[in-house]
Structure formats: C-alpha cells, structure tokens
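File shown here: structure.txt, holding compact mmCIF, C-alpha atoms.
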```txt
# COMPACT_ATOMS: atom_id res chain seq x y z
CA MET A 1 29.45 30.74 11.83
CA HIS A 2 27.81 28.02 9.75
CA SER A 3 25.74 28.62 6.64
CA LEU A 4 22.11 27.48 6.50
CA ASP A 5 23.04 24.68 4.09
CA GLU A 6 25.79 23.43 6.42
CA VAL A 7 23.43 23.41 9.41
CA ARG A 8 20.82 21.47 7.45
CA GLU A 9 23.42 18.96 6.21
CA ASP A 10 24.75 18.39 9.76
CA PHE A 11 21.17 17.88 11.01
CA ALA A 12 20.31 15.43 8.25
CA ALA A 13 23.45 13.38 8.86
CA THR A 14 22.33 12.62 12.42
CA LEU A 15 18.95 11.29 11.23
CA ASP A 16 17.68 9.18 8.37
CA PRO A 17 19.56 10.58 5.36
CA ARG A 18 16.51 9.84 3.22
CA MET A 19 14.27 12.18 5.24
CA PRO A 20 13.11 15.22 3.23
CA LEU A 21 14.02 18.52 4.90
CA ALA A 22 11.54 21.37 5.22
CA PRO A 23 11.82 24.01 2.49
CA MET A 24 12.88 27.38 3.90
CA SER A 25 11.96 29.40 0.81
CA ILE A 26 9.22 29.34 -1.80
CA GLU A 27 11.73 28.17 -4.40
CA GLU A 28 12.68 25.16 -2.27
CA THR A 29 9.07 23.91 -2.22
CA GLY A 30 9.40 23.11 -5.93
CA LEU A 31 6.04 24.82 -6.54
CA GLU A 32 5.06 28.00 -8.32
CA THR A 33 4.39 31.04 -6.11
CA SER A 34 1.00 31.52 -7.77
CA PHE A 35 0.03 27.93 -6.90
CA LEU A 36 0.94 28.41 -3.23
CA LEU A 37 -0.86 31.77 -3.04
CA ARG A 38 -4.06 30.18 -4.33
CA LEU A 39 -3.72 27.28 -1.89
CA ALA A 40 -3.17 29.63 1.07
CA ALA A 41 -6.23 31.67 0.09
CA LYS A 42 -8.35 28.52 -0.15
CA CYS A 43 -7.16 27.42 3.28
CA ALA A 44 -8.18 30.83 4.63
CA THR A 45 -11.79 30.21 3.56
CA GLU A 46 -12.13 27.47 6.18
CA GLN A 47 -12.52 29.91 9.09
CA ASP A 48 -13.09 33.61 9.73
CA THR A 49 -9.47 34.47 10.52
CA VAL A 50 -6.20 32.60 10.23
CA THR A 51 -2.75 33.01 11.71
CA PRO A 52 0.63 32.10 10.24
CA SER A 53 0.75 29.16 12.67
CA HIS A 54 -2.63 27.91 11.49
CA LEU A 55 -1.70 28.15 7.82
CA ALA A 56 1.68 26.52 8.45
CA GLU A 57 -0.04 23.56 10.09
CA ARG A 58 -2.76 23.31 7.45
CA MET A 59 -0.34 23.55 4.52
CA LYS A 60 2.44 21.56 6.27
CA LEU A 61 4.94 24.30 5.46
CA SER A 62 7.38 26.21 7.65
CA LYS A 63 6.26 29.53 9.13
CA ALA A 64 9.08 31.16 7.21
CA VAL A 65 7.50 30.16 3.88
CA VAL A 66 3.97 30.92 5.08
CA ASN A 67 4.98 34.40 6.23
CA LEU A 68 6.31 35.09 2.73
CA LEU A 69 2.98 34.00 1.26
CA ILE A 70 1.00 36.12 3.71
CA LYS A 71 3.19 39.12 2.94
CA GLU A 72 2.47 38.73 -0.78
CA LEU A 73 -1.28 38.14 -0.25
CA THR A 74 -1.44 41.28 1.92
CA LYS A 75 0.47 43.25 -0.71
CA LEU A 76 -2.09 42.14 -3.30
CA ALA A 77 -4.91 43.24 -0.94
CA TYR A 78 -6.25 39.68 -0.67
CA PHE A 79 -5.44 39.46 3.06
CA GLU A 80 -6.24 42.01 5.76
CA ALA A 81 -4.64 42.12 9.20
CA ARG A 82 -7.17 41.82 12.06
CA GLY A 83 -4.98 42.35 15.11
CA LEU A 84 -3.15 40.02 17.44
CA ALA A 85 -4.46 36.53 18.19
CA GLY A 86 -3.79 37.02 21.92
CA GLU A 87 -2.92 39.65 24.50
CA ASP A 88 0.80 38.90 24.33
CA VAL A 89 2.55 41.25 21.91
CA ARG A 90 4.44 38.23 20.61
CA SER A 91 1.20 36.56 19.53
CA ASP A 92 0.54 35.78 15.88
CA ILE A 93 -1.32 38.35 13.83
CA ARG A 94 -4.75 37.26 12.64
CA TYR A 95 -5.58 37.63 8.98
CA ALA A 96 -8.86 37.50 7.05
CA LEU A 97 -9.73 37.49 3.38
CA SER A 98 -10.75 40.87 2.02
CA SER A 99 -13.73 41.08 -0.34
CA LYS A 100 -11.23 41.02 -3.18
CA GLY A 101 -9.52 38.05 -1.52
CA VAL A 102 -12.82 36.16 -1.23
CA GLU A 103 -13.32 36.48 -4.99
CA TYR A 104 -9.72 35.33 -5.54
CA ALA A 105 -10.19 32.29 -3.26
CA GLN A 106 -13.52 31.35 -4.86
CA ALA A 107 -11.95 31.50 -8.31
CA ALA A 108 -9.12 29.28 -7.03
CA LEU A 109 -11.66 26.78 -5.63
CA ARG A 110 -13.44 26.65 -8.98
CA GLN A 111 -10.12 25.87 -10.60
CA SER A 112 -9.33 23.14 -8.06
CA SER A 113 -11.20 22.23 -4.88
CA TYR A 114 -8.06 20.84 -3.24
CA VAL A 115 -7.44 22.32 0.21
CA GLY A 116 -4.84 20.88 2.52
CA PRO A 117 -1.11 20.13 2.74
CA ALA A 118 0.95 21.65 -0.03
CA PRO A 119 1.83 18.97 -2.58
CA VAL A 120 5.37 18.03 -3.51
CA SER A 121 6.72 18.41 -7.02
CA LEU A 122 6.90 15.45 -9.38
CA ASP A 123 10.70 15.76 -9.41
CA ALA A 124 10.82 15.60 -5.61
CA PHE A 125 8.52 12.56 -5.60
CA CYS A 126 10.66 10.68 -8.13
CA ARG A 127 13.86 11.60 -6.31
CA GLN A 128 12.46 10.42 -2.97
CA LEU A 129 11.35 7.07 -4.42
CA GLY A 130 14.91 6.56 -5.63
CA LEU A 131 16.27 7.18 -2.13
CA GLN A 132 13.89 4.72 -0.47
CA THR A 133 13.65 2.04 -3.17
CA ILE A 134 12.58 -1.41 -2.03
CA HIS A 135 15.77 -2.72 -3.64
CA HIS A 136 17.73 -1.24 -0.73
CA GLU A 137 16.26 -3.87 1.58
CA ARG A 138 17.74 -7.35 1.86
CA VAL A 139 15.69 -10.42 2.66
CA THR A 140 17.71 -12.97 4.61
CA PRO A 141 16.80 -16.59 5.42
CA GLU A 142 16.23 -15.55 9.04
CA VAL A 143 13.89 -12.71 8.08
CA LEU A 144 11.99 -14.99 5.69
CA THR A 145 11.57 -17.64 8.39
CA ASP A 146 10.17 -15.07 10.81
CA ALA A 147 7.79 -13.70 8.18
CA LEU A 148 6.39 -17.13 7.33
CA GLU A 149 6.07 -18.30 10.93
CA GLY A 150 2.86 -20.24 11.45
CA LEU A 151 2.56 -21.32 7.81
CA VAL A 152 3.34 -24.95 7.04
CA LEU A 153 5.45 -24.85 3.87
CA SER A 154 7.89 -27.31 2.39
CA PRO A 155 11.63 -26.47 2.58
CA SER A 156 11.83 -26.54 -1.23
CA LEU A 157 9.08 -23.92 -1.49
CA ILE A 158 10.75 -21.66 1.06
CA ALA A 159 14.03 -21.99 -0.81
CA LYS A 160 12.31 -20.64 -3.95
CA LEU A 161 10.51 -17.83 -2.15
CA GLY A 162 13.66 -16.31 -0.63
CA PRO A 163 15.43 -15.17 -3.81
CA ALA A 164 12.12 -14.12 -5.38
CA MET A 165 11.13 -11.90 -2.45
CA ASN A 166 14.64 -10.47 -2.23
CA SER A 167 14.55 -9.47 -5.90
CA GLY A 168 11.87 -6.81 -5.38
CA GLN A 169 10.50 -7.71 -8.82
CA SER A 170 7.46 -9.70 -9.96
CA ILE A 171 6.33 -13.09 -8.67
CA LEU A 172 3.62 -15.45 -9.91
CA LEU A 173 2.34 -17.82 -7.20
CA TYR A 174 0.21 -20.52 -8.81
CA GLY A 175 -1.28 -23.86 -7.85
CA PRO A 176 -4.46 -25.51 -6.51
CA PRO A 177 -6.79 -23.29 -4.45
CA GLY A 178 -6.59 -23.06 -0.68
CA ASN A 179 -2.91 -23.87 -0.19
CA GLY A 180 -1.56 -20.58 1.12
CA LYS A 181 -0.73 -18.49 -1.94
CA THR A 182 -2.57 -15.44 -0.64
CA SER A 183 -1.18 -15.96 2.86
CA ILE A 184 2.36 -16.09 1.48
CA ALA A 185 1.78 -12.90 -0.50
CA GLU A 186 0.37 -11.08 2.53
CA ARG A 187 3.20 -12.29 4.78
CA SER A 188 5.69 -10.68 2.40
CA ALA A 189 4.83 -7.41 4.16
CA ARG A 190 6.81 -8.64 7.17
CA LEU A 191 9.98 -8.99 5.13
CA PHE A 192 10.71 -5.29 4.85
CA ARG A 193 11.68 -3.33 7.93
CA GLN A 194 12.50 0.15 6.63
CA THR A 195 10.05 3.03 6.71
CA ILE A 196 9.45 5.29 3.72
CA PHE A 197 8.22 8.85 3.25
CA VAL A 198 4.85 9.26 1.54
CA PRO A 199 3.59 12.64 0.24
CA TYR A 200 0.12 13.92 0.99
CA ALA A 201 -0.16 15.01 -2.63
CA ILE A 202 1.84 15.57 -5.81
CA GLU A 203 1.66 18.52 -8.18
CA VAL A 204 1.91 17.89 -11.91
CA GLY A 205 1.23 20.56 -14.53
CA GLY A 206 -0.67 22.72 -12.05
CA TYR A 207 -2.95 19.84 -11.00
CA VAL A 208 -2.98 18.07 -7.65
CA ILE A 209 -2.79 14.27 -7.37
CA SER A 210 -3.98 13.07 -3.98
CA PHE A 211 -1.57 10.37 -2.82
CA TYR A 212 -1.51 9.64 0.93
CA ASP A 213 -4.34 7.22 1.72
CA GLU A 214 -5.19 6.29 5.30
CA ALA A 215 -6.66 3.02 4.03
CA VAL A 216 -3.31 1.78 2.73
CA HIS A 217 -0.57 3.94 4.26
CA GLN A 218 0.25 3.17 7.87
CA PRO A 219 2.17 5.92 9.72
CA ALA A 220 5.28 4.56 11.40
CA GLY A 221 4.69 6.51 14.61
CA ALA A 222 8.23 7.81 14.46
CA ALA A 223 9.40 10.90 16.31
CA ILE A 224 8.55 14.27 14.76
CA TYR A 225 11.62 16.27 13.79
CA PRO A 226 11.21 20.07 13.65
CA LYS A 227 13.19 20.44 10.42
CA ALA A 228 11.54 17.56 8.53
CA ASP A 229 9.36 18.41 5.53
CA ARG A 230 5.87 17.84 6.93
CA ARG A 231 4.42 17.42 3.45
CA TRP A 232 5.67 13.84 3.77
CA VAL A 233 4.38 11.19 6.21
CA GLU A 234 6.80 8.55 7.48
CA CYS A 235 5.05 5.21 6.92
CA LYS A 236 5.67 1.50 6.86
CA ARG A 237 6.15 0.11 3.39
CA PRO A 238 2.59 -0.20 2.01
CA VAL A 239 0.87 -3.46 1.14
CA ILE A 240 -2.04 -3.15 -1.28
CA LYS A 241 -4.09 -6.18 -2.27
CA THR A 242 -6.63 -6.21 -5.07
CA GLY A 243 -8.60 -9.10 -6.50
CA GLY A 244 -11.46 -9.67 -8.88
CA GLU A 245 -12.42 -5.99 -8.72
CA LEU A 246 -9.23 -4.88 -10.49
CA THR A 247 -9.83 -3.14 -13.81
CA LEU A 248 -7.55 -1.27 -16.18
CA ASP A 249 -9.22 2.00 -15.10
CA LEU A 250 -7.89 1.51 -11.56
CA LEU A 251 -4.36 1.63 -12.96
CA ASP A 252 -4.86 5.16 -14.31
CA LEU A 253 -5.34 8.56 -12.69
CA THR A 254 -8.90 9.26 -11.60
CA LEU A 255 -10.14 12.84 -11.93
CA GLY A 256 -12.73 13.78 -9.34
CA GLU A 257 -15.90 15.04 -10.96
CA GLY A 258 -16.14 18.80 -10.54
CA SER A 259 -13.10 18.96 -8.24
CA ASN A 260 -10.22 18.93 -10.74
CA VAL A 261 -8.28 16.84 -8.19
CA TYR A 262 -6.79 13.52 -9.23
CA GLU A 263 -6.58 10.35 -7.17
CA ALA A 264 -3.40 8.35 -7.60
CA PRO A 265 -3.90 4.84 -9.05
CA ILE A 266 -3.59 1.95 -6.62
CA HIS A 267 -0.28 0.64 -7.98
CA LEU A 268 1.29 4.09 -7.60
CA LYS A 269 0.16 4.22 -3.97
CA ALA A 270 1.99 0.92 -3.50
CA SER A 271 5.29 2.56 -4.48
CA GLY A 272 8.11 1.39 -2.25
CA GLY A 273 6.00 -1.53 -1.01
CA ILE A 274 4.06 -4.57 -2.20
CA PHE A 275 1.23 -4.81 -4.71
CA ILE A 276 -0.72 -8.08 -4.60
CA ILE A 277 -3.04 -9.13 -7.44
CA ASP A 278 -5.07 -11.93 -5.86
CA ASP A 279 -7.22 -14.34 -7.88
CA PHE A 280 -5.34 -13.33 -11.00
CA GLY A 281 -7.38 -14.35 -14.03
CA ARG A 282 -10.72 -13.84 -12.25
CA GLN A 283 -10.96 -10.15 -13.15
CA GLN A 284 -13.51 -8.88 -15.64
CA VAL A 285 -10.67 -7.82 -17.91
CA MET A 286 -8.67 -10.51 -19.67
CA PRO A 287 -5.42 -11.45 -17.86
CA GLN A 288 -3.46 -10.90 -21.07
CA ALA A 289 -4.68 -7.29 -21.13
CA LEU A 290 -3.48 -6.76 -17.55
CA ILE A 291 -0.08 -8.24 -18.34
CA ASN A 292 0.18 -6.04 -21.44
CA ARG A 293 -0.54 -2.99 -19.23
CA TRP A 294 2.36 -4.03 -16.97
CA ILE A 295 4.97 -4.80 -19.64
CA VAL A 296 6.77 -1.45 -19.49
CA PRO A 297 6.59 -1.03 -15.70
CA LEU A 298 7.76 -4.59 -14.98
CA GLU A 299 10.61 -4.53 -17.51
CA ARG A 300 11.87 -0.95 -17.30
CA GLY A 301 11.00 0.16 -13.77
CA TYR A 302 8.84 3.12 -14.71
CA ASP A 303 5.28 3.84 -15.78
CA PHE A 304 3.50 6.57 -17.74
CA LEU A 305 0.39 8.35 -16.51
CA THR A 306 -1.74 10.86 -18.40
CA LEU A 307 -3.65 13.97 -17.29
CA HIS A 308 -6.99 14.73 -18.92
CA THR A 309 -5.21 17.52 -20.79
CA GLY A 310 -3.19 14.90 -22.64
CA LYS A 311 0.02 15.63 -20.73
CA LYS A 312 1.97 12.41 -20.14
CA PHE A 313 4.53 12.06 -17.38
CA LYS A 314 6.84 9.33 -16.16
CA VAL A 315 6.84 7.94 -12.60
CA PRO A 316 9.08 5.28 -11.06
CA PHE A 317 7.66 1.79 -10.72
CA ASP A 318 9.28 0.56 -7.54
CA GLU A 319 7.43 -2.25 -5.79
CA LEU A 320 7.28 -5.99 -5.32
CA VAL A 321 4.38 -7.25 -7.47
CA VAL A 322 2.88 -10.60 -6.47
CA PHE A 323 0.34 -12.34 -8.71
CA SER A 324 -1.62 -15.16 -7.06
CA THR A 325 -3.75 -17.59 -9.06
CA ASN A 326 -5.16 -21.10 -9.17
CA ILE A 327 -5.36 -20.98 -12.97
CA ALA A 328 -2.65 -22.72 -14.97
CA PRO A 329 -0.15 -20.12 -16.25
CA ARG A 330 -0.58 -21.27 -19.85
CA ASP A 331 -4.26 -20.34 -19.58
CA LEU A 332 -3.42 -16.84 -18.37
CA SER A 333 -1.10 -15.60 -21.07
CA ASP A 334 1.18 -16.53 -23.91
CA GLU A 335 4.88 -17.15 -23.38
CA ALA A 336 5.78 -13.54 -24.20
CA GLY A 337 3.47 -12.28 -21.45
CA LEU A 338 4.58 -14.83 -18.88
CA ARG A 339 8.20 -13.91 -19.55
CA ARG A 340 7.50 -10.52 -17.93
CA LEU A 341 6.70 -12.27 -14.63
CA LYS A 342 10.22 -12.92 -13.38
CA TYR A 343 9.62 -15.64 -10.79
CA LYS A 344 7.04 -18.40 -11.19
CA ILE A 345 6.53 -20.50 -8.06
CA PHE A 346 4.23 -23.50 -7.81
CA VAL A 347 2.47 -23.83 -4.45
CA ASN A 348 1.47 -27.48 -4.21
CA THR A 349 -1.04 -29.31 -2.05
CA PRO A 350 0.24 -30.27 1.40
CA SER A 351 1.91 -33.63 1.96
CA ARG A 352 0.37 -36.09 4.39
CA ALA A 353 2.76 -34.98 7.13
CA ASP A 354 2.11 -31.28 6.41
CA TYR A 355 -1.65 -31.86 6.51
CA PHE A 356 -1.42 -33.52 9.93
CA GLN A 357 0.79 -30.68 11.20
CA ILE A 358 -1.72 -28.05 10.05
CA PHE A 359 -4.62 -30.05 11.52
CA GLU A 360 -2.94 -30.49 14.90
CA ALA A 361 -1.92 -26.84 15.16
CA TYR A 362 -5.41 -25.54 14.39
CA ALA A 363 -7.10 -28.10 16.66
CA LEU A 364 -4.93 -26.87 19.52
CA SER A 365 -5.80 -23.22 18.77
CA VAL A 366 -9.58 -23.89 18.84
CA ASP A 367 -9.44 -26.33 21.76
CA VAL A 368 -10.65 -29.41 19.89
CA GLU A 369 -9.31 -32.77 21.05
CA LEU A 370 -7.76 -34.88 18.36
CA SER A 371 -7.43 -38.63 17.89
CA ALA A 372 -4.32 -39.27 15.81
CA ARG A 373 -5.61 -42.70 14.79
CA ASP A 374 -9.00 -41.37 13.69
CA LEU A 375 -7.33 -38.57 11.72
CA GLU A 376 -5.14 -41.09 9.88
CA LEU A 377 -8.15 -43.25 9.02
CA PHE A 378 -10.10 -40.21 7.85
CA TYR A 379 -7.19 -39.01 5.67
CA ASP A 380 -6.77 -42.41 4.00
CA ARG A 381 -10.50 -42.64 3.37
CA ARG A 382 -11.06 -39.15 1.96
CA TYR A 383 -7.87 -38.20 0.16
CA GLY A 384 -6.87 -40.10 -2.92
CA ASP A 385 -6.35 -39.51 -6.60
CA GLU A 386 -9.63 -37.65 -7.08
CA SER A 387 -9.75 -35.65 -3.84
CA LEU A 388 -6.56 -33.78 -2.99
CA ALA A 389 -5.82 -32.42 0.45
CA SER A 390 -5.77 -28.65 0.85
CA CYS A 391 -4.29 -26.44 3.54
CA TYR A 392 -7.67 -24.86 4.24
CA HIS A 393 -9.49 -28.16 4.88
CA PRO A 394 -8.43 -28.58 8.55
CA LYS A 395 -9.86 -25.18 9.51
CA TYR A 396 -13.18 -25.79 7.78
CA LEU A 397 -13.54 -29.28 9.25
CA LEU A 398 -12.60 -28.24 12.79
CA ASP A 399 -14.81 -25.16 12.70
CA PHE A 400 -17.74 -27.42 11.77
CA ILE A 401 -16.90 -29.84 14.58
CA GLY A 402 -16.62 -26.99 17.09
CA SER A 403 -20.00 -25.56 16.09
CA TYR A 404 -21.64 -29.00 16.09
CA CYS A 405 -20.36 -29.86 19.58
CA GLU A 406 -21.31 -26.48 21.03
CA PHE A 407 -24.84 -26.79 19.62
CA ASN A 408 -25.28 -30.29 21.02
CA GLY A 409 -23.53 -29.56 24.31
CA VAL A 410 -20.94 -32.31 23.95
CA ARG A 411 -17.17 -32.41 24.37
CA LYS A 412 -15.28 -31.13 21.35
CA VAL A 413 -13.48 -34.14 19.95
CA ALA A 414 -12.49 -34.67 16.31
CA SER A 415 -13.55 -38.30 16.17
CA LEU A 416 -13.78 -40.24 12.93
CA ASP A 417 -17.57 -39.96 13.02
CA LEU A 418 -17.52 -36.18 13.46
CA LEU A 419 -14.84 -35.78 10.82
CA GLU A 420 -17.12 -37.61 8.39
CA ARG A 421 -20.09 -35.44 9.42
CA ALA A 422 -17.96 -32.34 8.92
CA TRP A 423 -16.86 -33.49 5.47
CA GLU A 424 -20.44 -34.01 4.36
CA GLY A 425 -21.50 -30.69 5.87
CA VAL A 426 -18.72 -28.58 4.43
CA PHE A 427 -17.80 -30.03 1.04
CA THR A 428 -20.03 -30.90 -1.90
CA THR A 429 -20.23 -34.48 -3.09
CA ASP A 430 -20.62 -33.88 -6.82
```

What would the structure in this file look like if it were written as structure tokens?
Amino acid sequence: MHSLDEVREDFAATLDPRMPLAPMSIEETGLETSFLLRLAAKCATEQDTVTPSHLAERMKLSKAVVNLLIKELTKLAYFEARGLAGEDVRSDIRYALSSKGVEYAQAALRQSSYVGPAPVSLDAFCRQLGLQTIHHERVTPEVLTDALEGLVLSPSLIAKLGPAMNSGQSILLYGPPGNGKTSIAERSARLFRQTIFVPYAIEVGGYVISFYDEAVHQPAGAAIYPKADRRWVECKRPVIKTGGELTLDLLDLTLGEGSNVYEAPIHLKASGGIFIIDDFGRQQVMPQALINRWIVPLERGYDFLTLHTGKKFKVPFDELVVFSTNIAPRDLSDEAGLRRLKYKIFVNTPSRADYFQIFEAYALSVDVELSARDLELFYDRRYGDESLASCYHPKYLLDFIGSYCEFNGVRKVASLDLLERAWEGVFTTD
C-alpha cells in the first residue's frame, strides 16, 4: 500500500518534474480557508445553482478541495442543498446560496470583484519560476541558425548574438534604423523550446493579481493530466514587445478602479520568457529613468512590487531583456547605466553583397523579375557616403515597383528606370 505522497511522487516522475500537482487539501492550496470560502460563494452567484463539479471547474481546484469548501459553507448556512442534479443517485448535489449566503457573497464581491480560478500563493509562484527559469535552456549554434533563418546577417554578428542570447540576461541592440534589430529580437522567441507553467492569478496579502493574459501567453496545447494543478496553464515561453508607449507606470501593479483586483505589470507577465523594449529612447520617459528602474532587477535577478496598502513584496526577475534602438548608446545613458546592460551589439548596415542577397530573395518572393546589371548600377548610383544602404530598402523599392506595374498593367521588372522611380517615390530627397 502506497501513501498519497508516494503515489504523487511516482506520477510526477513520469511527467515533467516541473509540473505543479493539484492540491488535495485546503492547506496545500497555499491560501487561507476564508479566502477560498469567499471565492466559492462569489462563483455561486453566477447561476441559480451550482454543483461540486461546476465549482471545481470554475475555481480550477480538485473536487476533494471543493467538497470541503461546500461542507463548510453549508455548515455556516451560506449554502443550501437543492437535490440531485440528475436522476442517477450518483449525480452531484445541487447547491444554492441562502439569503444569508447572498449577503455573504455580495460583501465578498464588494471586497474584491475577482471571480474565477483560485490564485496561487506568492511562494508557489516564486518557487515555480525557479523550476522553469530561462537559464535552464541552452542556445546552440544550430538552434540560433534555425531561429535566424531568412535574415541576412553577417557571420560576425551571429557570433556575437549566440553567447548573448544564451546568457538569458540583458542585450542592447543598436545601430542605424531598418537593419533588422527588431527582427532579431523577435526571432529570439524561437530559441527557447521548453514550455512553462503560468498561473491564472496570484494572491498577495489577501489581494488578487491577475496574471495569465491571452494576449501574451500562448497555451502549449499539451495533454491534460488529471493530477496537474489546473490553476496553472502550460504555455510557450512568452514574448512581450513594447515600444514608445512604455511608461514607468506600466512596470508597476495596476489596481482596477472599484474592483480591488490588480493587473500584473508587463515585465512580470514576461517571466520565464523574453521582454523586448523596441525603439528604446523614444519613450515619453527619459531612457536614464527606465534604466534606473531596471538596475536592481537586471543586476540581482529580482524586483520589488508594492500594493496600494504599502506592502512591498519581492518577485523573481527571470527573463531575457532585449533593448533595441537606433540612438547612440552614449546618448541614452551614462556609463554607470549602460554597465547594467550586459551585452551591447552593434547591428550595422548591410554590405553590398548582403544588400543584393536581400534584394534577390524578396524579389523572388513577390514575383518581380530582376536585372543584376541594373541593380548594380542603381546601387553604385544611390549608395555612397551620404546615403547608406538599409535592410528595409529592398522591400520598399520592390513593393513600389509591384504596385506601379500592376496599376499600369505591365510586366513586373525591376529595371534601372523603375528602381529610380521607386527611389523618388519612396524616399525623401532632402
């Protein structure tokens, strides 16, 4: 005869050892009984009657835990039994809120309007992030090559990107605009193959912090295991990109007006994944202020958040942070600030050969014929000391040529004449 703990350990060993197991008692949820009773009562307000199965699904808890909650709510005269849910004697019993229970649930809703999956404790959240840290993944040259497929990058640049991406720390990609910095940052999502477990919500000091976000967390579509803790969603490592809209407020908890429910800040939602700050230096807040906000997280691997009550708490800072900018680093911050950005990689303009390779590849994809001789003449005429080539130029020029030829009903050919027309139609002359 095996104990419950032995059975659960044997089960976990056959699956992902990082997978949280379903709590089988109220104590194992990591939450106060009073908190769970209020949440169950609020869930019961959503329809006339509820069953243990319904509450278990709504709260993402096991029926064993839900039955304990129902037993206590019935004992307190907040729940009333309303008979079986079906004709089968084995059917679930239906329950409804009593008049006393309605008052209890309404008071709970005034305290917090959160209704849904039971949150996980802060301790459980921090422990889980440690188990699934991005530092457990290894970026190899082969994986990096696959991730960057389709981008034309110099071997020297790729050689710098590999160690930086593998570090799981902070990277500053800088250089002239339009040469692939953002594309490189976004492709970093392909480097990491593991899935992670993301909580629907976190409980801190009696307050709920909404965490799982369908806009940024992509479920992995993995099999559902009966004994897994359903308060967690198995997802691909998240990739969150922000740009000029980033403000310091977005890096703090947001308390919903009148709801008493917090929304996790965007960098916390990126935990275990990648956080991209695009167009760094174009935000309304000074770049030095943003770097100052990141000093502790980037150096020590943790961050501090604050509830409106003044309670501060520590959370792990576990993500690859990629800054992308076309502003010279010295204009972004002083040396002390730049020191916090571990890897600084210059993304240069494409060479002549790289430019031709990009042009030919895109011309093929949009079905535009190309004259190698005309392209060489055009390049020598347009690109010199004052006008540098950019990786985005071929797309803009060929898109113009495609539209021009379609409008005029002629064959799509990137002749020297049309390349010149495209240049004048796409780029300014002053």

Dump as CSV the rows for residues of region 223-307 of chain A within 10 Å of region 61-68 of chain A: closest atom pair and distance in Å with one decimal, only C-alpha atoms counted, ordered by chain and rising residue number.
```
residue,atom,partner,partner_atom,distance
A:Pro226,CA,A:Ser62,CA,9.4
A:Lys227,CA,A:Ser62,CA,8.6
A:Ala228,CA,A:Ser62,CA,9.6
A:Asp229,CA,A:Leu61,CA,7.4
A:Arg230,CA,A:Leu61,CA,6.7
A:Arg231,CA,A:Leu61,CA,7.2
```

**Prompt:** Just how far from CA of Phe304 (chain A) is CA of Met59 (chain A), in Å to one decimal?
**Reply:**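 Distance between the two atoms: 28.3 Å.
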
**Request:** Tell me, in Å to one decimal, how far CA of Glu245 (chain A) is from CA of Gly281 (chain A).
**Result:** 11.1 Å

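Of the listed residues (A:Glu257, A:Glu360, A:Glu46, A:Glu32), A:Glu32 comes nearest to Leu69 (chain A); the distances count all atoms listed in the file.
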
**Message:** Between A:Pro287, A:Gly256, A:Pro176, A:Gly409, which residue has the minimum interatomic distance to Tyr207 (chain A), considering only C-alpha atoms?
**Reply:**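 The shortest atom-to-atom distance to Tyr207 (chain A) comes from A:Gly256.
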
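Neighbouring residues of Val143 (chain A) at 12 Å or closer, counting only C-alpha atoms and skipping chain neighbours under 2 positions away, are Glu137, Arg138, Val139, Thr140, Pro141, Thr145, Asp146, Ala147, Leu148, Glu149, Ile158, Leu161, Gly162, Met165, Asn166, Arg187, Ser188, Ala189, Arg190, Leu191, Phe192 and Arg193 of chain A.
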
Output file for the selection above: C-alpha atoms, as a JSON list (two decimals), in the coordinates of the input:
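See again38.json below for the written result:
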```
[["chain", "number", "residue", "atom", "x", "y", "z"],
["A", 137, "GLU", "CA", 16.26, -3.87, 1.58],
["A", 138, "ARG", "CA", 17.74, -7.35, 1.86],
["A", 139, "VAL", "CA", 15.69, -10.42, 2.66],
["A", 140, "THR", "CA", 17.71, -12.97, 4.61],
["A", 141, "PRO", "CA", 16.80, -16.59, 5.42],
["A", 145, "THR", "CA", 11.57, -17.64, 8.39],
["A", 146, "ASP", "CA", 10.17, -15.07, 10.81],
["A", 147, "ALA", "CA", 7.79, -13.70, 8.18],
["A", 148, "LEU", "CA", 6.39, -17.13, 7.33],
["A", 149, "GLU", "CA", 6.07, -18.30, 10.93],
["A", 158, "ILE", "CA", 10.75, -21.66, 1.06],
["A", 161, "LEU", "CA", 10.51, -17.83, -2.15],
["A", 162, "GLY", "CA", 13.66, -16.31, -0.63],
["A", 165, "MET", "CA", 11.13, -11.90, -2.45],
["A", 166, "ASN", "CA", 14.64, -10.47, -2.23],
["A", 187, "ARG", "CA", 3.20, -12.29, 4.78],
["A", 188, "SER", "CA", 5.69, -10.68, 2.40],
["A", 189, "ALA", "CA", 4.83, -7.41, 4.16],
["A", 190, "ARG", "CA", 6.81, -8.64, 7.17],
["A", 191, "LEU", "CA", 9.98, -8.99, 5.13],
["A", 192, "PHE", "CA", 10.71, -5.29, 4.85],
["A", 193, "ARG", "CA", 11.68, -3.33, 7.93]]
```

**Complete:** The distance between CA of Met286 (chain A) and CA of Leu248 (chain A) is 9.9 Å

**Asked** With only C-alpha atoms as the basis for distance, which of A:Ile171, A:Asp417, A:Gly402, A:Thr242 is at the shortest distance from Leu298 (chain A)?
**Response**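 Among A:Ile171, A:Asp417, A:Gly402, A:Thr242, it is A:Ile171 that comes nearest to Leu298 (chain A).
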
**Message:** Residues near Thr45 (chain A), anyone? I mean within 9 Å using all atoms listed in the file, not counting same-chain ones fewer than 6 positions away, as a list in words.
**Reply:** Ala96, Leu97, Val102, Ala105 and Gln106 of chain A

**Item:** Pick from A:Val198, A:Leu320, A:Leu375, A:Leu250, whichever lies nearest to Ser170 (chain A) using all atoms listed in the file
**Value:** A:Leu320

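Among the candidates A:Pro163, A:Pro52, A:Gly178, A:Pro155, the residue lying nearest to Asn326 (chain A) is A:Gly178 (atoms considered: all atoms listed in the file).
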